[in-house]
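See structure below.
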Amino acid sequence: MNIITRFAPSPTGFLHAGNYRTALFAYIFARQNKGKFVLRIEDTDKERSKKEYEDNIVDSLKWLGLDYDAFYRQSDRTAIYGELIKKLIDSDKAYVSKETPIEAGDRSEVIRFRNPNKKVVFDDLIRGPITFDTTQFGDFIIARSLTEPIFHFVVVVDDGEIGTTHIIRGEDHISNTSRHILIYEALGLPVPKFVHIPLLLAPDRSKLSKRNGSLPITEYRNRGYLPEAVVNYLALLGWHPVDEKEILSMDDLIKQFSFERVQKASAIFDENKMRWFNREYLLKLNDDEFIERAKALIPAWLLNDSNNREVLSRVLPLVRDKTHTFGDIPKFFEVSGELSFIEKTPIYPKEMLLWKKNPSAESALKHLLESKKLISTIPENSFSAENIKNAVWPYTEANSRGDVLWPLRTSLTGLEKSPDPFISAFILGKEESLKRIEIACNLLK
RNA sequence: GGCCCUAUCGUCUAAUGGUUAGGACACGGCCUUUUCAAGGCUGUAAUCGGGGUUCGACUCCCCGUAGGGUCACCA
């Protein structure tokens with residue numbers, strides 16, 4: 001059987017992680033079976049559908065790497081729906097019904113489906129058999145008019161035409177399924193397989209929504225997440241491989257995925273773990289890839305000023321070491337950020353230079369003068385972190401590490417938290433480092 | 001409220017009748033260390049409750065309870 005799955009969002013708002021996880025499962029299942037994955041924009045609600053949201057859906061899928069084989073937009077297909085509604089009316093499977101409007105916008109005439117009022121059973125691939133008594137739905141509305149069909153109708157018509165074999169969608173559609181099956185039968189279409197994916201919940205266990213802080217998935221791109229990390233994390237929400245390996249590429253997922261291992265219960269979206277995944281993927285990048293992909297969040301003075309390219313290469317290991325998402329980078333360079341000392345000469349109180357375990361100004365000055373002497377012996381062209389350490393270390397060991405290294409580090413960075421003194425000095429260069437130590441000595445005198 | 005779905009550490013989950021109930025994230029401790037991270041080691045922590053079935057239940061059944069979904073002229 002040639003597998004066809006689809007992702008059928010309505011462009012009435014930004015879609016969140018839960019929506020894209022469902023899309024991801026549909027995509028993976030299609031690719032795993034060498035089938036087709038279709039994107040269908042469900043924009044029958046003309047009031048609320050916006051092009052902006054449709055564009056964001058297309059953009060998001062592209063970012064995540066979920067390429068689709070066909071694209072449908074329901075608003076392009078109004079005529080087709082009209083004809084099929086007419087056919088149902090002609091065969092008395094639907095009828096025009098007189099109504100008393102209740103809300104603004106309500107019509108005095110709608111098209112209702114003649115419900116055979118029976119029990120419908122379907123076999124959900126994740127949950128097993130589910131039974132509904134459709135009597136509870138009555139003769140439900142399938143269109144407001146011949147040109148204004150409703151979700152329940154178009155979704156069946158389109159999946160019939162596309163030939164969707166597996167309808168993979170959120171659990172919130174379970175109770176719609178029996179109605180849809182009734183329409184499949186009325187239309188004489190084969191009933192596809194249904195797969196209802198559990199919902200994603202916010203940390204407070206409520207449904208993911210704008211209110212509880214769920215974000216458009218593209219917002220994670222803005223915050224410096226890698227799409228491969230997002231995909232990996234999303235796949236592991238509600239699904240788990242046979243072994244305990246959690247770092248999985250899209251290819252791995254396509255190889256290993258199965259609905260049997262999809263959880264039945266809803267899962268809570270936890271950004272903490274996604275950050276961890278992102279760091280794992282960040283570690284796999286080489287330096288050039290890292291810079292290329294972090295571009296948007298590296299400070300402009302460091303990235304674009306050719307004089308600073310050398311500085312960039314020196315701080316890169318440090319930046320990489322402390323970064324979980326690219327979004328962490330700007331704050332290292334903000335005022336009093338851990339790397340803020342690079343761009344601006346630090347201004348700090350004298351007390352900053354005193355080690356808390358031995359807050360003596362004489363001691364700090366003595367060690368600082370000695371460090372300065374040792375550092376100045378290093379030739380300019382071999383001013384590396386390693387050589388700086390080698391020059392200072394024996395003296396450090398002969399005394400007390402803290403007594404020597406705390407004043408040295410703070411003289412260079414002026415910060416409570418910063419990289420170690422050897423790396424800091426290396427980044428600043430010999431001349432600038434000696435200058436800063438000199439300033440500190442004067443402050444202590 | 002009716003109908004439907006679900007229930008293992010705080011979170012994501014493994015274990016499909018027999019395990020000291022495993023792993024990951026987070027959290028704590030230790031090591032490393034001038035600081036902050038990172039890293040290494042390590043620790044705390046779970047089968048919702050009650051009945052069955054069974055020699056034996058996380059696992060099967062029933063009843064509760066809790067959470068979620070859905071009851072639109074939205075999708």
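By order of appearance in the structure tokens: chains A, B, ..., then residues from 1 within every chain, and ligands from 1 in the order shown.
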
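Within the 12 Å cut-off around Ile80 of chain A, using only C-alpha atoms (C1' of nucleotides) and omitting residues fewer than 6 positions from it on the same chain, the listed residues are Gln74, Lys86, Lys87, Leu146, Thr147, Glu148, Pro149, Phe153, Val154, Val157, Asp158 and Glu161 of chain A.
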
Hey, could you make a per-residue contact list for chain A against chain B with 7 Å as the cut-off, showing the nearest pair of atoms and its distance in Å to one decimal, counting only C-alpha atoms (C1' of nucleotides), sorted by chain and number, as a tab-separated table?
```
residue	atom	partner	partner_atom	distance
A:Ser10	CA	B:A75	C1'	6.2
A:Asp106	CA	B:C73	C1'	5.3
A:Arg107	CA	B:C73	C1'	6.4
A:Arg144	CA	B:C73	C1'	5.7
A:Phe151	CA	B:A75	C1'	6.2
A:Glu171	CA	B:G69	C1'	6.9
A:Asp172	CA	B:G69	C1'	5.2
A:Ser175	CA	B:U70	C1'	6.0
A:Leu237	CA	B:C12	C1'	6.3
A:Glu244	CA	B:G23	C1'	6.2
A:Lys264	CA	B:U6	C1'	6.6
A:Ala265	CA	B:U6	C1'	5.1
A:Asp270	CA	B:U11	C1'	6.8
A:Asn272	CA	B:C25	C1'	7.0
A:Lys273	CA	B:C25	C1'	5.0
A:Asp321	CA	B:A38	C1'	6.2
A:Lys322	CA	B:A37	C1'	6.0
A:Arg401	CA	B:U34	C1'	6.4
A:Gly402	CA	B:U34	C1'	4.4
A:Leu405	CA	B:U34	C1'	4.9
A:Trp406	CA	B:U34	C1'	4.4
A:Glu416	CA	B:U35	C1'	6.1
A:Lys417	CA	B:C36	C1'	4.7
A:Ser418	CA	B:C36	C1'	6.1
```

Those of segment 223-374 of chain A in DSSP alpha helix (DSSP H), formatted as an MDAnalysis selection string: chainID A and resid 227:235 250:256 271:284 287:294 300:304 309:322 329:333 361:374

Separation of atom CA of Asp45 of chain A from atom CA of Pro116 of chain A, in Å and rounded to one decimal: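 Computing the Euclidean distance for atom CA of Asp45 of chain A and atom CA of Pro116 of chain A yields 27.1 Å.
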
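The list of residues with at least one atom within 10 Å of G43 of chain B, based on only C-alpha atoms (C1' of nucleotides) and without residues fewer than 5 positions apart in the same chain, reads G28, G29 and C30 of chain B.
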